[in-house]
Amino acid sequence: MERRPKRPPLPVPSLPAAAAAPVKMTDNSKTGSYLAVGLTVGLAPPALYALFLLLSAIPIFQRNFLYAHKINTLWWPGTNLNKPERWGFAKNQVIPFALPTPDGSSLYAWHILPLPLYAQHEDRLASQPGGFSYDVTTTDNFKLLRDDPTSKLIISFHGNAGHISQSHRPRHYHSLTDTTRYHLLAIDYRGFGHSTGSPTESGLILDAVTAIDWAINTAGVSPSRIVLLGQSLGTAVASAAAELYATNEGVDFAGVVLVAGFSSLPAMLTGYSIAGFLPVLRPLTWWPWLLKNVMARVVDRWESAARWRKICQNVNRRGGRLRLNLVHARNDWDIPAHEDDKLFRAAVSGLIDAGEDLDDAWLNREKESRTIRRGKKAFTATWREGNAVVRQELFPHGGHNDVTFYAPVLLAVMRSFET
């Protein structure tokens with residue numbers, strides 16, 4: 001069989017050097033990783049915020065966010081609330097005790113003697129058994145309050161989070177008792193500190209009523225010798241208690257002092273920022289329908305402005321006595337100072353019986369005529385109707401908490417006790 005000649009190999013064309021070099025491929029795995037990290041970083045905050053909103057719709061989570069009562073320093077070494085000397089008080093100047101509420105909770109409380117009165121009885125007071133008192137009525141401290149027909153008492157309602165002696169609160173108590181003749185009763189609401197139970201709006205109002213009833217009925221202090229003083233959340237508690245006594249029993253206190261107050265919880269939350277820089281619900285103002293939906297799910301609403309409209313209307317109609325003092329620091333980054341404008345408006349509308357139809361332009365003119373400017377960042381506005389006085393003070397310093405031991409607060413208390 002004839003063999004065919006072998007075909008010569010085809011010539012291979014030579015390639016340019018650049019083309020002959022191996023092609024460097026892109027590392028798709030690294031690019032994917034970078035993209036995943038970028039998406040995670042970008043989407044994590046919105047996802048966490050959405051989770052926060054969802055949890056906030058559940059009452060138990062919502063109340064934990066609002067009251068923050070589990071955030072405290074009770075577990076810190078050296079934190080013994082039954083030894084108030086730890087916070088600079090004289091030995092047995094403060095008597096820790098418990099107040100039982102009608103619904104079965106137990107409120108941890110401090111009765112603080114004014115230091116000038118303590119100095120007059122120091123040896124006798126210091127020789128008492130120290131620590132928690134299981135029957136406060138047997139203490140000399142209580143007897144000094146009960147047996148003096150001229151004694152004056154401040155009932156203090158603190159803000160959210162912490163306990164009775166946490167953070168700025170001891171300095172607040174010192175500022176009210178170190179140089180005055182005022183007794184002070186401070187309580188921890190249910191669920192706060194050593195108090196039992198869980199906080200709700202109705203529960204905290206009952207706690208305030210329990211403290212006030214103890215002062216009037218057990219300690220024998222007339223309402224005309226009692227000032228209710230609230231800060232932040234405590235302003236809503238004091239306002240609710242004042243409404244109950246004014247409208248249900250026709251009781252007028254010596255005064256009510258609201259420090260860093262707010263008109264209502266839903267209104268305040270739309271502008272509230274945690275620590276002054278982390279907005280809570282302000283981002284939702286871009287979507288009004290969503291904000292409205294979220295606000296409708298707020299369980300404890302704390303409508304202080306509406307309460308003061310009702311209180312002032314009641315006082316005006318029966319010719320009662322009212323001393324309402326609103327104090328706010330201009331540099332309060334937690335609750336905006338303009339919230340006091342809403343409280344002032346509500347109180348005035350009640351005093352002149354204008355309801356919610358008060359003309360804002362007219363009110364602004366009248367308010368300005370009653371205002372004393374104390375610089376660019378401070379003023380006092382005073383509105384008088386009969387024996388009712390509503391006073392708003394904007395102070396340039398103090399922030400949200402430190403303002404409680406600044407001069408305007410003590411001055412507001414002192415004015416309340418004036419005839």
# chains A, B, ... in the order shown; residues from 1 in each chain; ligands from 1
>>> residues_around(residues="Ala378 in chain A", least_positions_apart="5", cutoff="9 Å", atoms="only C-alpha atoms", output="PyMOL selection string")
chain A and resi 329-330+372-373+393-396
>>> select_by_dssp(residues="range 98-184 of chain A", states="strand (DSSP E)", output="mmCIF file with C-alpha atoms, in the first residue's frame")
data_model
loop_
_atom_site.group_PDB
_atom_site.id
_atom_site.type_symbol
_atom_site.label_atom_id
_atom_site.label_comp_id
_atom_site.auth_asym_id
_atom_site.auth_seq_id
_atom_site.Cartn_x
_atom_site.Cartn_y
_atom_site.Cartn_z
ATOM 1 C CA ALA A 98 -39.884 52.266 102.037
ATOM 2 C CA LEU A 99 -43.304 53.531 100.984
ATOM 3 C CA PRO A 100 -45.960 50.898 100.206
ATOM 4 C CA SER A 106 -42.690 49.118 97.509
ATOM 5 C CA LEU A 107 -40.957 52.428 96.789
ATOM 6 C CA TYR A 108 -37.453 53.110 98.041
ATOM 7 C CA ALA A 109 -37.244 56.640 99.475
ATOM 8 C CA TRP A 110 -34.937 59.096 101.194
ATOM 9 C CA HIS A 111 -36.013 61.708 103.720
ATOM 10 C CA ILE A 112 -33.272 64.357 103.770
ATOM 11 C CA LYS A 152 -41.546 73.015 104.336
ATOM 12 C CA LEU A 153 -41.102 69.962 102.147
ATOM 13 C CA ILE A 154 -39.868 69.443 98.593
ATOM 14 C CA ILE A 155 -40.947 66.190 96.932
ATOM 15 C CA SER A 156 -38.474 65.353 94.186
ATOM 16 C CA PHE A 157 -39.290 63.274 91.091
ATOM 17 C CA TYR A 182 -36.383 72.721 103.408
ATOM 18 C CA HIS A 183 -36.929 69.014 104.036
ATOM 19 C CA LEU A 184 -36.691 66.830 100.944
#
>>> closest_residue(among="A:Arg323, A:Arg391, A:His69, A:Arg317", to="Arg190 in chain A", atoms="only C-alpha atoms")
A:His69
>>> closest_residue(among="A:Ala238, A:Leu322, A:Ile95, A:Ile311", to="Leu258 in chain A", atoms="only C-alpha atoms")
A:Ala238
>>> residues_around(residues="Leu66 in chain A", least_positions_apart="5", cutoff="12 Å", atoms="only C-alpha atoms", output="number ranges by chain")
A: 56-57, 59-61, 71, 159-161, 199-201, 232-233, 265-266, 268-269, 272, 274, 280, 298-302
>>> write_last_selection(atoms="C-alpha atoms", output="mmCIF file, in the first residue's frame")
data_model
loop_
_atom_site.group_PDB
_atom_site.id
_atom_site.type_symbol
_atom_site.label_atom_id
_atom_site.label_comp_id
_atom_site.auth_asym_id
_atom_site.auth_seq_id
_atom_site.Cartn_x
_atom_site.Cartn_y
_atom_site.Cartn_z
ATOM 1 C CA SER A 56 -40.394 49.831 70.150
ATOM 2 C CA ALA A 57 -43.879 48.881 68.979
ATOM 3 C CA PRO A 59 -45.042 47.712 74.996
ATOM 4 C CA ILE A 60 -42.537 45.861 77.196
ATOM 5 C CA PHE A 61 -39.594 46.877 74.978
ATOM 6 C CA ILE A 71 -29.601 50.978 83.604
ATOM 7 C CA GLY A 159 -35.773 61.595 85.392
ATOM 8 C CA ASN A 160 -35.435 58.258 83.649
ATOM 9 C CA ALA A 161 -32.636 55.725 84.160
ATOM 10 C CA PRO A 199 -42.845 51.245 85.389
ATOM 11 C CA THR A 200 -45.946 52.373 83.504
ATOM 12 C CA GLU A 201 -47.544 55.806 83.233
ATOM 13 C CA SER A 232 -37.133 65.472 82.727
ATOM 14 C CA LEU A 233 -39.443 62.438 83.076
ATOM 15 C CA LEU A 265 -43.941 62.215 75.033
ATOM 16 C CA PRO A 266 -44.826 61.794 71.322
ATOM 17 C CA MET A 268 -40.812 65.345 72.527
ATOM 18 C CA LEU A 269 -39.615 62.120 70.901
ATOM 19 C CA TYR A 272 -35.231 63.885 71.100
ATOM 20 C CA ILE A 274 -29.834 60.338 73.036
ATOM 21 C CA VAL A 280 -34.484 58.732 68.081
ATOM 22 C CA VAL A 298 -46.665 55.054 71.969
ATOM 23 C CA VAL A 299 -48.191 53.417 75.036
ATOM 24 C CA ASP A 300 -47.377 55.921 77.799
ATOM 25 C CA ARG A 301 -48.081 59.346 76.326
ATOM 26 C CA TRP A 302 -47.455 61.722 79.259
#
>>> atom_distance(atom1="CA of Ser105 in chain A", atom2="CA of Ala240 in chain A")
19.1 Å
>>> residues_around(residues="Met414 in chain A", least_positions_apart="6", cutoff="10 Å", atoms="only C-alpha atoms", output="list of chain:residue names")
A:Leu176, A:Thr180, A:Tyr182, A:Val227, A:Ala254, A:Gly255, A:Pro408
>>> closest_residue(among="A:Ala337, A:Val94, A:Ala381, A:Gln120", to="Thr177 in chain A", atoms="only C-alpha atoms")
A:Val94
